[in-house]
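Have a look at coords_10.cif below; it lists mmCIF, N, CA, C and O atoms.
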data_input
loop_
_atom_site.label_atom_id
_atom_site.label_comp_id
_atom_site.auth_asym_id
_atom_site.auth_seq_id
_atom_site.Cartn_x
_atom_site.Cartn_y
_atom_site.Cartn_z
N MET A 1 -2.29 -19.67 5.26
CA MET A 1 -1.23 -19.59 4.26
C MET A 1 -0.51 -18.25 4.39
O MET A 1 -1.14 -17.21 4.47
N SER A 2 0.78 -18.26 4.40
CA SER A 2 1.57 -17.04 4.51
C SER A 2 2.32 -16.81 3.21
O SER A 2 2.88 -17.74 2.64
N THR A 3 2.29 -15.59 2.72
CA THR A 3 3.03 -15.24 1.51
C THR A 3 3.96 -14.07 1.82
O THR A 3 3.77 -13.35 2.78
N ASP A 4 4.96 -13.90 0.98
CA ASP A 4 5.90 -12.79 1.15
C ASP A 4 5.29 -11.48 0.65
O ASP A 4 5.73 -10.40 1.02
N ILE A 5 4.30 -11.59 -0.24
CA ILE A 5 3.63 -10.42 -0.82
C ILE A 5 2.13 -10.63 -0.72
O ILE A 5 1.64 -11.72 -1.00
N ASP A 6 1.41 -9.59 -0.33
CA ASP A 6 -0.05 -9.69 -0.29
C ASP A 6 -0.69 -9.14 -1.56
O ASP A 6 -1.65 -9.69 -2.07
N PHE A 7 -0.15 -8.03 -2.08
CA PHE A 7 -0.67 -7.49 -3.33
C PHE A 7 0.36 -6.58 -3.99
O PHE A 7 1.33 -6.16 -3.37
N ILE A 8 0.13 -6.32 -5.27
CA ILE A 8 0.95 -5.38 -6.02
C ILE A 8 0.07 -4.16 -6.27
O ILE A 8 -1.11 -4.29 -6.62
N ALA A 9 0.64 -2.98 -6.06
CA ALA A 9 -0.14 -1.76 -6.19
C ALA A 9 0.64 -0.70 -6.94
O ALA A 9 1.87 -0.72 -7.00
N GLU A 10 -0.10 0.23 -7.51
CA GLU A 10 0.49 1.43 -8.06
C GLU A 10 0.37 2.50 -6.99
O GLU A 10 -0.72 2.72 -6.45
N LEU A 11 1.48 3.13 -6.64
CA LEU A 11 1.51 4.12 -5.57
C LEU A 11 1.85 5.49 -6.12
O LEU A 11 2.75 5.60 -6.97
N TYR A 12 1.18 6.51 -5.63
CA TYR A 12 1.54 7.89 -5.95
C TYR A 12 1.97 8.57 -4.65
O TYR A 12 1.22 8.54 -3.67
N PHE A 13 3.16 9.14 -4.66
CA PHE A 13 3.68 9.87 -3.50
C PHE A 13 3.39 11.35 -3.66
O PHE A 13 3.84 11.97 -4.63
N ARG A 14 2.64 11.92 -2.72
CA ARG A 14 2.31 13.34 -2.76
C ARG A 14 3.57 14.19 -2.64
O ARG A 14 4.53 13.80 -1.98
N THR A 15 3.52 15.36 -3.25
CA THR A 15 4.60 16.33 -3.13
C THR A 15 4.46 17.09 -1.81
O THR A 15 3.39 17.05 -1.19
N PRO A 16 5.49 17.78 -1.37
CA PRO A 16 5.36 18.59 -0.15
C PRO A 16 4.22 19.62 -0.26
O PRO A 16 3.52 19.87 0.71
N GLU A 17 4.03 20.16 -1.45
CA GLU A 17 2.95 21.13 -1.67
C GLU A 17 1.57 20.50 -1.49
O GLU A 17 0.60 21.17 -1.16
N GLN A 18 1.48 19.20 -1.72
CA GLN A 18 0.22 18.45 -1.53
C GLN A 18 0.11 17.89 -0.12
O GLN A 18 -0.82 17.16 0.17
N GLY A 19 1.09 18.19 0.73
CA GLY A 19 1.09 17.69 2.10
C GLY A 19 1.87 16.42 2.31
O GLY A 19 1.81 15.82 3.38
N GLY A 20 2.60 15.98 1.28
CA GLY A 20 3.36 14.73 1.37
C GLY A 20 4.76 14.93 1.90
O GLY A 20 5.11 15.98 2.43
N ARG A 21 5.58 13.91 1.73
CA ARG A 21 6.97 13.91 2.18
C ARG A 21 7.79 14.93 1.40
O ARG A 21 7.50 15.20 0.23
N SER A 22 8.86 15.41 2.02
CA SER A 22 9.79 16.29 1.32
C SER A 22 11.05 15.53 0.91
O SER A 22 11.88 16.05 0.20
N THR A 23 11.16 14.28 1.36
CA THR A 23 12.32 13.46 1.03
C THR A 23 11.86 12.16 0.36
O THR A 23 10.69 11.78 0.45
N GLN A 24 12.79 11.51 -0.29
CA GLN A 24 12.47 10.24 -0.96
C GLN A 24 12.14 9.15 0.05
O GLN A 24 12.52 9.24 1.22
N ALA A 25 11.45 8.14 -0.42
CA ALA A 25 11.19 6.94 0.38
C ALA A 25 12.01 5.81 -0.24
O ALA A 25 12.15 5.73 -1.46
N SER A 26 12.54 4.93 0.59
CA SER A 26 13.34 3.81 0.13
C SER A 26 12.52 2.53 0.17
O SER A 26 11.62 2.38 1.01
N SER A 27 12.86 1.61 -0.71
CA SER A 27 12.21 0.31 -0.72
C SER A 27 12.35 -0.30 0.67
O SER A 27 13.41 -0.24 1.28
N GLY A 28 11.24 -0.85 1.19
CA GLY A 28 11.20 -1.35 2.55
C GLY A 28 10.46 -0.40 3.49
O GLY A 28 10.20 -0.74 4.64
N TYR A 29 10.09 0.77 2.98
CA TYR A 29 9.32 1.77 3.72
C TYR A 29 8.03 1.13 4.23
O TYR A 29 7.39 0.37 3.52
N ARG A 30 7.63 1.44 5.47
CA ARG A 30 6.46 0.83 6.10
C ARG A 30 5.47 1.87 6.63
O ARG A 30 5.34 2.03 7.84
N PRO A 31 4.77 2.56 5.75
CA PRO A 31 3.76 3.50 6.24
C PRO A 31 2.51 2.75 6.70
O PRO A 31 2.38 1.54 6.50
N THR A 32 1.60 3.48 7.28
CA THR A 32 0.30 2.92 7.65
C THR A 32 -0.61 2.97 6.43
O THR A 32 -0.57 3.94 5.67
N ILE A 33 -1.42 1.93 6.23
CA ILE A 33 -2.36 1.88 5.10
C ILE A 33 -3.78 1.98 5.63
O ILE A 33 -4.14 1.33 6.62
N LYS A 34 -4.59 2.78 4.94
CA LYS A 34 -6.01 2.97 5.30
C LYS A 34 -6.85 2.70 4.06
O LYS A 34 -6.72 3.37 3.05
N PHE A 35 -7.71 1.66 4.15
CA PHE A 35 -8.65 1.37 3.07
C PHE A 35 -9.93 2.16 3.34
O PHE A 35 -10.33 2.33 4.50
N PRO A 36 -10.64 2.62 2.31
CA PRO A 36 -11.80 3.50 2.51
C PRO A 36 -13.01 2.82 3.15
O PRO A 36 -13.87 3.49 3.70
N PHE A 37 -13.06 1.50 3.13
CA PHE A 37 -14.24 0.78 3.63
C PHE A 37 -14.12 0.37 5.10
O PHE A 37 -15.01 -0.29 5.63
N ASP A 38 -13.02 0.75 5.78
CA ASP A 38 -12.80 0.27 7.14
C ASP A 38 -11.97 1.30 7.91
O ASP A 38 -11.12 1.96 7.33
N ASN A 39 -12.20 1.42 9.20
CA ASN A 39 -11.42 2.33 10.04
C ASN A 39 -10.12 1.70 10.53
O ASN A 39 -9.28 2.39 11.10
N MET A 40 -9.97 0.40 10.34
CA MET A 40 -8.76 -0.31 10.76
C MET A 40 -7.56 0.15 9.93
O MET A 40 -7.64 0.24 8.72
N LEU A 41 -6.47 0.45 10.60
CA LEU A 41 -5.22 0.79 9.93
C LEU A 41 -4.28 -0.40 10.02
O LEU A 41 -4.34 -1.17 10.98
N THR A 42 -3.43 -0.57 9.03
CA THR A 42 -2.44 -1.63 9.06
C THR A 42 -1.12 -1.11 8.53
O THR A 42 -1.09 -0.22 7.70
N SER A 43 -0.05 -1.65 9.03
CA SER A 43 1.27 -1.32 8.49
C SER A 43 1.45 -2.11 7.20
O SER A 43 0.98 -3.25 7.10
N GLY A 44 2.09 -1.49 6.22
CA GLY A 44 2.32 -2.18 4.96
C GLY A 44 3.70 -1.91 4.41
O GLY A 44 4.02 -0.77 4.11
N GLU A 45 4.52 -2.95 4.30
CA GLU A 45 5.86 -2.78 3.75
C GLU A 45 5.78 -2.64 2.24
O GLU A 45 5.12 -3.43 1.57
N GLN A 46 6.46 -1.62 1.71
CA GLN A 46 6.48 -1.35 0.28
C GLN A 46 7.85 -1.73 -0.29
O GLN A 46 8.86 -1.18 0.11
N ILE A 47 7.86 -2.67 -1.25
CA ILE A 47 9.07 -3.04 -1.97
C ILE A 47 8.88 -2.57 -3.40
O ILE A 47 8.01 -3.08 -4.12
N TYR A 48 9.64 -1.58 -3.82
CA TYR A 48 9.45 -0.97 -5.14
C TYR A 48 9.96 -1.86 -6.25
O TYR A 48 11.02 -2.47 -6.13
N VAL A 49 9.20 -1.93 -7.33
CA VAL A 49 9.53 -2.79 -8.46
C VAL A 49 10.48 -2.02 -9.40
O VAL A 49 10.13 -0.94 -9.88
N GLY A 50 11.68 -2.57 -9.59
CA GLY A 50 12.62 -2.01 -10.54
C GLY A 50 13.40 -0.79 -10.06
O GLY A 50 14.09 -0.15 -10.85
N ARG A 51 13.29 -0.46 -8.79
CA ARG A 51 14.03 0.69 -8.25
C ARG A 51 14.12 0.59 -6.74
O ARG A 51 13.38 -0.15 -6.12
N ASN A 52 15.01 1.38 -6.16
CA ASN A 52 15.20 1.35 -4.72
C ASN A 52 14.57 2.53 -4.00
O ASN A 52 14.32 2.45 -2.80
N ASN A 53 14.34 3.64 -4.72
CA ASN A 53 13.81 4.85 -4.09
C ASN A 53 12.72 5.47 -4.95
O ASN A 53 12.69 5.27 -6.16
N VAL A 54 11.86 6.26 -4.31
CA VAL A 54 10.84 7.02 -5.02
C VAL A 54 10.82 8.43 -4.43
O VAL A 54 10.91 8.60 -3.22
N GLU A 55 10.73 9.41 -5.31
CA GLU A 55 10.72 10.81 -4.92
C GLU A 55 9.29 11.32 -4.77
O GLU A 55 8.38 10.79 -5.42
N PRO A 56 9.08 12.36 -3.96
CA PRO A 56 7.75 12.98 -3.90
C PRO A 56 7.30 13.39 -5.31
O PRO A 56 8.11 13.87 -6.11
N GLY A 57 6.04 13.14 -5.62
CA GLY A 57 5.49 13.47 -6.93
C GLY A 57 5.58 12.33 -7.93
O GLY A 57 5.01 12.41 -9.01
N GLU A 58 6.26 11.25 -7.58
CA GLU A 58 6.41 10.13 -8.51
C GLU A 58 5.38 9.03 -8.25
O GLU A 58 4.85 8.90 -7.15
N THR A 59 5.15 8.24 -9.29
CA THR A 59 4.30 7.05 -9.22
C THR A 59 5.19 5.84 -9.40
O THR A 59 6.11 5.85 -10.23
N VAL A 60 4.93 4.79 -8.63
CA VAL A 60 5.76 3.59 -8.67
C VAL A 60 4.89 2.36 -8.44
O VAL A 60 3.85 2.46 -7.79
N ARG A 61 5.31 1.24 -8.97
CA ARG A 61 4.67 -0.04 -8.63
C ARG A 61 5.41 -0.63 -7.45
O ARG A 61 6.64 -0.51 -7.36
N ALA A 62 4.65 -1.26 -6.56
CA ALA A 62 5.27 -1.83 -5.37
C ALA A 62 4.59 -3.13 -4.98
O ALA A 62 3.39 -3.31 -5.19
N LYS A 63 5.40 -4.02 -4.41
CA LYS A 63 4.89 -5.24 -3.78
C LYS A 63 4.62 -4.86 -2.33
O LYS A 63 5.48 -4.28 -1.68
N ILE A 64 3.43 -5.17 -1.85
CA ILE A 64 3.01 -4.76 -0.50
C ILE A 64 2.75 -5.99 0.37
O ILE A 64 2.08 -6.93 -0.06
N LYS A 65 3.28 -5.94 1.57
CA LYS A 65 3.02 -6.96 2.60
C LYS A 65 2.38 -6.25 3.78
O LYS A 65 2.97 -5.37 4.36
N ILE A 66 1.12 -6.61 4.10
CA ILE A 66 0.43 -5.96 5.22
C ILE A 66 0.48 -6.84 6.47
O ILE A 66 0.63 -8.05 6.38
N VAL A 67 0.33 -6.19 7.63
CA VAL A 67 0.36 -6.90 8.90
C VAL A 67 -1.00 -7.55 9.20
O VAL A 67 -1.07 -8.67 9.67
N ALA A 68 -2.10 -6.85 8.91
CA ALA A 68 -3.44 -7.28 9.32
C ALA A 68 -4.14 -8.14 8.27
O ALA A 68 -5.30 -7.89 7.92
N VAL A 69 -3.46 -9.16 7.78
CA VAL A 69 -4.07 -10.04 6.77
C VAL A 69 -5.37 -10.63 7.29
O VAL A 69 -6.38 -10.65 6.59
N GLU A 70 -5.39 -11.09 8.52
CA GLU A 70 -6.59 -11.72 9.10
C GLU A 70 -7.79 -10.77 9.07
O GLU A 70 -8.90 -11.16 8.71
N HIS A 71 -7.57 -9.51 9.40
CA HIS A 71 -8.66 -8.52 9.43
C HIS A 71 -9.23 -8.26 8.03
O HIS A 71 -10.42 -8.05 7.88
N PHE A 72 -8.37 -8.25 7.02
CA PHE A 72 -8.81 -7.92 5.66
C PHE A 72 -9.07 -9.14 4.79
O PHE A 72 -9.28 -9.02 3.59
N ARG A 73 -9.11 -10.33 5.40
CA ARG A 73 -9.41 -11.57 4.67
C ARG A 73 -10.74 -11.43 3.92
O ARG A 73 -11.73 -10.98 4.47
N ASN A 74 -10.75 -11.85 2.66
CA ASN A 74 -11.95 -11.84 1.80
C ASN A 74 -12.54 -10.44 1.63
O ASN A 74 -13.75 -10.30 1.41
N ARG A 75 -11.71 -9.38 1.69
CA ARG A 75 -12.26 -8.02 1.63
C ARG A 75 -11.65 -7.14 0.55
O ARG A 75 -12.11 -6.01 0.35
N LEU A 76 -10.62 -7.59 -0.14
CA LEU A 76 -9.94 -6.74 -1.12
C LEU A 76 -10.20 -7.21 -2.54
O LEU A 76 -10.42 -8.39 -2.78
N THR A 77 -10.17 -6.27 -3.47
CA THR A 77 -10.35 -6.57 -4.89
C THR A 77 -9.33 -5.78 -5.70
O THR A 77 -8.80 -4.76 -5.24
N VAL A 78 -9.06 -6.24 -6.91
CA VAL A 78 -8.25 -5.46 -7.83
C VAL A 78 -8.99 -4.15 -8.06
O VAL A 78 -10.20 -4.13 -8.24
N GLY A 79 -8.27 -3.05 -8.02
CA GLY A 79 -8.87 -1.74 -8.19
C GLY A 79 -9.17 -1.02 -6.88
O GLY A 79 -9.48 0.17 -6.89
N THR A 80 -9.10 -1.74 -5.74
CA THR A 80 -9.33 -1.10 -4.45
C THR A 80 -8.29 0.00 -4.25
O THR A 80 -7.09 -0.23 -4.43
N LYS A 81 -8.77 1.18 -3.90
CA LYS A 81 -7.88 2.31 -3.65
C LYS A 81 -7.65 2.47 -2.15
O LYS A 81 -8.49 2.06 -1.35
N PHE A 82 -6.51 3.05 -1.79
CA PHE A 82 -6.16 3.26 -0.38
C PHE A 82 -5.26 4.46 -0.24
O PHE A 82 -4.71 4.97 -1.22
N GLU A 83 -5.12 4.91 1.00
CA GLU A 83 -4.18 5.97 1.34
C GLU A 83 -3.08 5.37 2.19
O GLU A 83 -3.32 4.41 2.91
N PHE A 84 -1.89 5.94 2.11
CA PHE A 84 -0.85 5.55 3.07
C PHE A 84 -0.36 6.80 3.77
O PHE A 84 -0.31 7.88 3.19
N THR A 85 -0.08 6.62 5.07
CA THR A 85 0.13 7.77 5.94
C THR A 85 1.34 7.60 6.84
O THR A 85 1.81 6.49 7.08
N GLU A 86 1.81 8.73 7.35
CA GLU A 86 2.75 8.79 8.45
C GLU A 86 2.01 9.56 9.53
O GLU A 86 1.76 10.76 9.37
N GLY A 87 1.58 8.88 10.57
CA GLY A 87 0.73 9.53 11.57
C GLY A 87 -0.56 9.98 10.92
O GLY A 87 -1.19 9.22 10.19
N ALA A 88 -0.94 11.24 11.13
CA ALA A 88 -2.17 11.76 10.53
C ALA A 88 -1.94 12.33 9.13
O ALA A 88 -2.89 12.75 8.47
N THR A 89 -0.71 12.33 8.66
CA THR A 89 -0.37 12.94 7.36
C THR A 89 -0.49 11.92 6.24
O THR A 89 0.15 10.87 6.26
N ILE A 90 -1.32 12.23 5.23
CA ILE A 90 -1.46 11.37 4.05
C ILE A 90 -0.25 11.61 3.16
O ILE A 90 -0.04 12.72 2.66
N ILE A 91 0.57 10.60 3.00
CA ILE A 91 1.80 10.67 2.22
C ILE A 91 1.53 10.38 0.75
O ILE A 91 2.18 10.90 -0.13
N GLY A 92 0.54 9.51 0.50
CA GLY A 92 0.25 9.14 -0.88
C GLY A 92 -0.98 8.27 -0.98
O GLY A 92 -1.65 7.98 0.01
N THR A 93 -1.26 7.89 -2.22
CA THR A 93 -2.42 7.06 -2.50
C THR A 93 -1.98 5.85 -3.33
O THR A 93 -0.94 5.89 -3.99
N GLY A 94 -2.79 4.80 -3.26
CA GLY A 94 -2.47 3.60 -4.01
C GLY A 94 -3.70 2.94 -4.57
O GLY A 94 -4.83 3.25 -4.18
N LYS A 95 -3.46 2.04 -5.52
CA LYS A 95 -4.54 1.24 -6.10
C LYS A 95 -4.00 -0.16 -6.32
O LYS A 95 -2.92 -0.34 -6.88
N ILE A 96 -4.76 -1.16 -5.85
CA ILE A 96 -4.35 -2.56 -6.01
C ILE A 96 -4.45 -2.96 -7.48
O ILE A 96 -5.50 -2.81 -8.11
N LEU A 97 -3.34 -3.47 -8.01
CA LEU A 97 -3.29 -3.95 -9.39
C LEU A 97 -3.44 -5.46 -9.48
O LEU A 97 -3.98 -5.98 -10.45
N GLU A 98 -2.93 -6.16 -8.46
CA GLU A 98 -2.98 -7.62 -8.45
C GLU A 98 -2.99 -8.11 -7.01
O GLU A 98 -2.20 -7.65 -6.19
N LEU A 99 -3.89 -9.03 -6.71
CA LEU A 99 -3.92 -9.68 -5.40
C LEU A 99 -3.11 -10.96 -5.48
O LEU A 99 -3.44 -11.85 -6.25
N VAL A 100 -2.03 -11.03 -4.72
CA VAL A 100 -1.14 -12.20 -4.73
C VAL A 100 -1.58 -13.19 -3.66
O VAL A 100 -1.59 -14.39 -3.90
N ASN A 101 -1.95 -12.71 -2.50
CA ASN A 101 -2.39 -13.56 -1.40
C ASN A 101 -3.88 -13.88 -1.59
O ASN A 101 -4.74 -13.01 -1.45
N PRO A 102 -4.23 -15.15 -1.90
CA PRO A 102 -5.63 -15.50 -2.17
C PRO A 102 -6.55 -15.31 -0.97
O PRO A 102 -7.76 -15.16 -1.14
N GLU A 103 -5.99 -15.28 0.25
CA GLU A 103 -6.83 -15.09 1.44
C GLU A 103 -7.48 -13.71 1.46
O GLU A 103 -8.51 -13.52 2.10
N LEU A 104 -6.90 -12.75 0.78
CA LEU A 104 -7.43 -11.39 0.82
C LEU A 104 -8.53 -11.13 -0.21
O LEU A 104 -9.28 -10.18 -0.09
N LYS A 105 -8.63 -11.99 -1.22
CA LYS A 105 -9.59 -11.77 -2.30
C LYS A 105 -11.02 -11.82 -1.80
O LYS A 105 -11.44 -12.75 -1.11
N LYS A 106 -11.77 -10.77 -2.18
CA LYS A 106 -13.19 -10.69 -1.80
C LYS A 106 -13.94 -11.80 -2.52
O LYS A 106 -13.76 -12.04 -3.71
N ARG A 107 -14.82 -12.48 -1.76
CA ARG A 107 -15.61 -13.58 -2.35
C ARG A 107 -17.05 -13.18 -2.50
O ARG A 107 -17.57 -12.39 -1.82
#
Hey, can you dump this file as structure tokens for me?
Amino acid sequence: MSTDIDFIAELYFRTPEQGGRSTQASSGYRPTIKFPFDNMLTSGEQIYVGRNNVEPGETVRAKIKIVAVEHFRNRLTVGTKFEFTEGATIIGTGKILELVNPELKKR
């Protein structure tokens, strides 16, 4: 089953002082996502809810679509925290609020 959204998350974008971006991110941004329970990285498109851009230091809700659905099948839960990165730089952190794609729900 393919869905347009895999989960909804609350995202926090680090400030430059915290090692994050110095510029805003636009809806459609595709950083790498790292879950704490696995070394596998996946790209994840972020579509911001109710806005088009997010500034460093802000928190936003986003609809997320990941590339590696097959790898993370039956492994995610509401409340799962993750980091999103550009290369080795951690840009921000997130927490899953709702799992939309049932294939990802931990059983």
Do a neighbour search on A:Phe13 at 9 Å with only C-alpha atoms, toss out local chain neighbours closer than 4 positions, and write the hits as a list in words. Gly20, Arg21, Ala25, Val54, Glu55, Pro56, Gly57, Glu58, Thr59, Val60, Ile91, Gly92, Thr93 and Gly94 of chain A
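Nearest to A:Val69 of all the residues A:Pro31, A:Pro16, A:Pro102, A:Gly50 is A:Pro102, counting only C-alpha atoms.
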Using the chain letters and numbers from this file, what does the PyMOL selection byres ((chain A and resi 37) around 8) select? Give the answer as a compact mmCIF listing (two decimals) with N, CA, C and O atoms, keeping the file's coordinate frame.
# COMPACT_ATOMS: atom_id res chain seq x y z
N LYS A 34 -4.59 2.78 4.94
CA LYS A 34 -6.01 2.97 5.30
C LYS A 34 -6.85 2.70 4.06
O LYS A 34 -6.72 3.37 3.05
N PHE A 35 -7.71 1.66 4.15
CA PHE A 35 -8.65 1.37 3.07
C PHE A 35 -9.93 2.16 3.34
O PHE A 35 -10.33 2.33 4.50
N PRO A 36 -10.64 2.62 2.31
CA PRO A 36 -11.80 3.50 2.51
C PRO A 36 -13.01 2.82 3.15
O PRO A 36 -13.87 3.49 3.70
N ASP A 38 -13.02 0.75 5.78
CA ASP A 38 -12.80 0.27 7.14
C ASP A 38 -11.97 1.30 7.91
O ASP A 38 -11.12 1.96 7.33
N ASN A 39 -12.20 1.42 9.20
CA ASN A 39 -11.42 2.33 10.04
C ASN A 39 -10.12 1.70 10.53
O ASN A 39 -9.28 2.39 11.10
N MET A 40 -9.97 0.40 10.34
CA MET A 40 -8.76 -0.31 10.76
C MET A 40 -7.56 0.15 9.93
O MET A 40 -7.64 0.24 8.72
N ARG A 75 -11.71 -9.38 1.69
CA ARG A 75 -12.26 -8.02 1.63
C ARG A 75 -11.65 -7.14 0.55
O ARG A 75 -12.11 -6.01 0.35
N LYS A 81 -8.77 1.18 -3.90
CA LYS A 81 -7.88 2.31 -3.65
C LYS A 81 -7.65 2.47 -2.15
O LYS A 81 -8.49 2.06 -1.35
N PHE A 82 -6.51 3.05 -1.79
CA PHE A 82 -6.16 3.26 -0.38
C PHE A 82 -5.26 4.46 -0.24
O PHE A 82 -4.71 4.97 -1.22
- Task: Run through the PyMOL selection byres ((chain A and resi 72) around 8) on the given coordinates and return the selected residues as a ChimeraX atom specification.
- Result: /A:67-71,73-77,101-106
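Running the PyMOL selection byres ((chain A and resi 9) around 6) on this file leaves Phe7, Ile8, Glu10, Leu11, Val60, Arg61, Ala62, Lys63, Ile64, Lys95, Ile96, Leu97 and Glu98 of chain A selected.
Take atom O of A:Asp6 and atom O of A:Gly19: the distance between them is 26.3 Å.
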As number ranges by chain, list the residues of chain A assigned to helix (DSSP H, G or I) by DSSP on the backbone atoms of this structure. A: 16-18, 102-104
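Among the candidates A:Val100, A:Thr89, A:Glu17, A:Arg107, the one nearest to A:Thr32 when counting all atoms listed in the file is A:Thr89.
Taking only N, CA, C and O atoms into account, A:Lys65 lies nearest to A:Asp4 out of the set A:Glu83, A:Ser22, A:Val78, A:Asp4.
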Given 6 Å of margin on each side, can you work out the centre and size in Å (one decimal) of an axis-aligned box holding every listed atom of stretch 70-79 of chain A, as AutoDock Vina command-line options?
--center_x -9.6 --center_y -5.8 --center_z 0.6 --size_x 20.4 --size_y 24.0 --size_z 29.7
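Minimum distance to A:Ile66 across A:Ala88, A:Gln46, A:Gln18, A:Thr23 (counting only N, CA, C and O atoms) occurs at A:Gln46.
Closest approach to A:Ile33 among A:Tyr48, A:Thr85, A:Tyr12, A:Thr80: A:Thr85, based on only N, CA, C and O atoms.
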If you count only C-alpha atoms, the residue of A:Ile5, A:Phe84, A:Asn52, A:Ser43 closest to A:Ser26 turns out to be A:Asn52
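Take atom C of A:Gly87 and atom N of A:Gly28: the distance between them is 18.7 Å.
Between atom O of A:Gly79 and atom O of A:Thr15 the interatomic distance comes to 22.0 Å.
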Missing atoms in stretch 47-53 of chain A need filling: write out all heavy atoms for it as a PDB file, keeping the file's coordinate frame.
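Once written, out.pdb looks like this:
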ATOM      1  N   ILE A  47       7.860  -2.670  -1.250  1.00  0.00           N
ATOM      2  CA  ILE A  47       9.070  -3.040  -1.970  1.00  0.00           C
ATOM      3  C   ILE A  47       8.880  -2.570  -3.400  1.00  0.00           C
ATOM      4  O   ILE A  47       8.010  -3.080  -4.120  1.00  0.00           O
ATOM      5  CB  ILE A  47       9.326  -4.569  -1.928  1.00  0.00           C
ATOM      6  CG1 ILE A  47       9.385  -5.078  -0.482  1.00  0.00           C
ATOM      7  CG2 ILE A  47      10.585  -4.914  -2.710  1.00  0.00           C
ATOM      8  CD1 ILE A  47      10.511  -4.525   0.356  1.00  0.00           C
ATOM      9  N   TYR A  48       9.640  -1.580  -3.820  1.00  0.00           N
ATOM     10  CA  TYR A  48       9.450  -0.970  -5.140  1.00  0.00           C
ATOM     11  C   TYR A  48       9.960  -1.860  -6.250  1.00  0.00           C
ATOM     12  O   TYR A  48      11.020  -2.470  -6.130  1.00  0.00           O
ATOM     13  CB  TYR A  48      10.100   0.411  -5.181  1.00  0.00           C
ATOM     14  CG  TYR A  48       9.657   1.273  -4.021  1.00  0.00           C
ATOM     15  CD1 TYR A  48      10.562   1.946  -3.231  1.00  0.00           C
ATOM     16  CD2 TYR A  48       8.309   1.361  -3.684  1.00  0.00           C
ATOM     17  CE1 TYR A  48      10.152   2.715  -2.152  1.00  0.00           C
ATOM     18  CE2 TYR A  48       7.885   2.113  -2.603  1.00  0.00           C
ATOM     19  CZ  TYR A  48       8.814   2.793  -1.839  1.00  0.00           C
ATOM     20  OH  TYR A  48       8.398   3.528  -0.768  1.00  0.00           O
ATOM     21  N   VAL A  49       9.200  -1.930  -7.330  1.00  0.00           N
ATOM     22  CA  VAL A  49       9.530  -2.790  -8.460  1.00  0.00           C
ATOM     23  C   VAL A  49      10.480  -2.020  -9.400  1.00  0.00           C
ATOM     24  O   VAL A  49      10.130  -0.940  -9.880  1.00  0.00           O
ATOM     25  CB  VAL A  49       8.253  -3.216  -9.212  1.00  0.00           C
ATOM     26  CG1 VAL A  49       8.603  -4.044 -10.441  1.00  0.00           C
ATOM     27  CG2 VAL A  49       7.319  -3.995  -8.291  1.00  0.00           C
ATOM     28  N   GLY A  50      11.680  -2.570  -9.590  1.00  0.00           N
ATOM     29  CA  GLY A  50      12.620  -2.010 -10.540  1.00  0.00           C
ATOM     30  C   GLY A  50      13.400  -0.790 -10.060  1.00  0.00           C
ATOM     31  O   GLY A  50      14.090  -0.150 -10.850  1.00  0.00           O
ATOM     32  N   ARG A  51      13.290  -0.460  -8.790  1.00  0.00           N
ATOM     33  CA  ARG A  51      14.030   0.690  -8.250  1.00  0.00           C
ATOM     34  C   ARG A  51      14.120   0.590  -6.740  1.00  0.00           C
ATOM     35  O   ARG A  51      13.380  -0.150  -6.120  1.00  0.00           O
ATOM     36  CB  ARG A  51      13.359   1.988  -8.676  1.00  0.00           C
ATOM     37  CG  ARG A  51      11.916   2.094  -8.200  1.00  0.00           C
ATOM     38  CD  ARG A  51      11.096   3.129  -8.914  1.00  0.00           C
ATOM     39  NE  ARG A  51      11.619   4.459  -8.714  1.00  0.00           N
ATOM     40  CZ  ARG A  51      11.062   5.540  -9.222  1.00  0.00           C
ATOM     41  NH1 ARG A  51       9.991   5.444  -9.967  1.00  0.00           N
ATOM     42  NH2 ARG A  51      11.571   6.719  -9.001  1.00  0.00           N
ATOM     43  N   ASN A  52      15.010   1.380  -6.160  1.00  0.00           N
ATOM     44  CA  ASN A  52      15.200   1.350  -4.720  1.00  0.00           C
ATOM     45  C   ASN A  52      14.570   2.530  -4.000  1.00  0.00           C
ATOM     46  O   ASN A  52      14.320   2.450  -2.800  1.00  0.00           O
ATOM     47  CB  ASN A  52      16.700   1.301  -4.388  1.00  0.00           C
ATOM     48  CG  ASN A  52      17.332  -0.007  -4.789  1.00  0.00           C
ATOM     49  OD1 ASN A  52      16.714  -1.052  -4.655  1.00  0.00           O
ATOM     50  ND2 ASN A  52      18.539   0.039  -5.304  1.00  0.00           N
ATOM     51  N   ASN A  53      14.340   3.640  -4.720  1.00  0.00           N
ATOM     52  CA  ASN A  53      13.810   4.850  -4.090  1.00  0.00           C
ATOM     53  C   ASN A  53      12.720   5.470  -4.950  1.00  0.00           C
ATOM     54  O   ASN A  53      12.690   5.270  -6.160  1.00  0.00           O
ATOM     55  CB  ASN A  53      14.924   5.873  -3.891  1.00  0.00           C
ATOM     56  CG  ASN A  53      16.038   5.342  -3.026  1.00  0.00           C
ATOM     57  OD1 ASN A  53      15.805   4.967  -1.888  1.00  0.00           O
ATOM     58  ND2 ASN A  53      17.238   5.283  -3.576  1.00  0.00           N
TER      59      ASN A  53
END
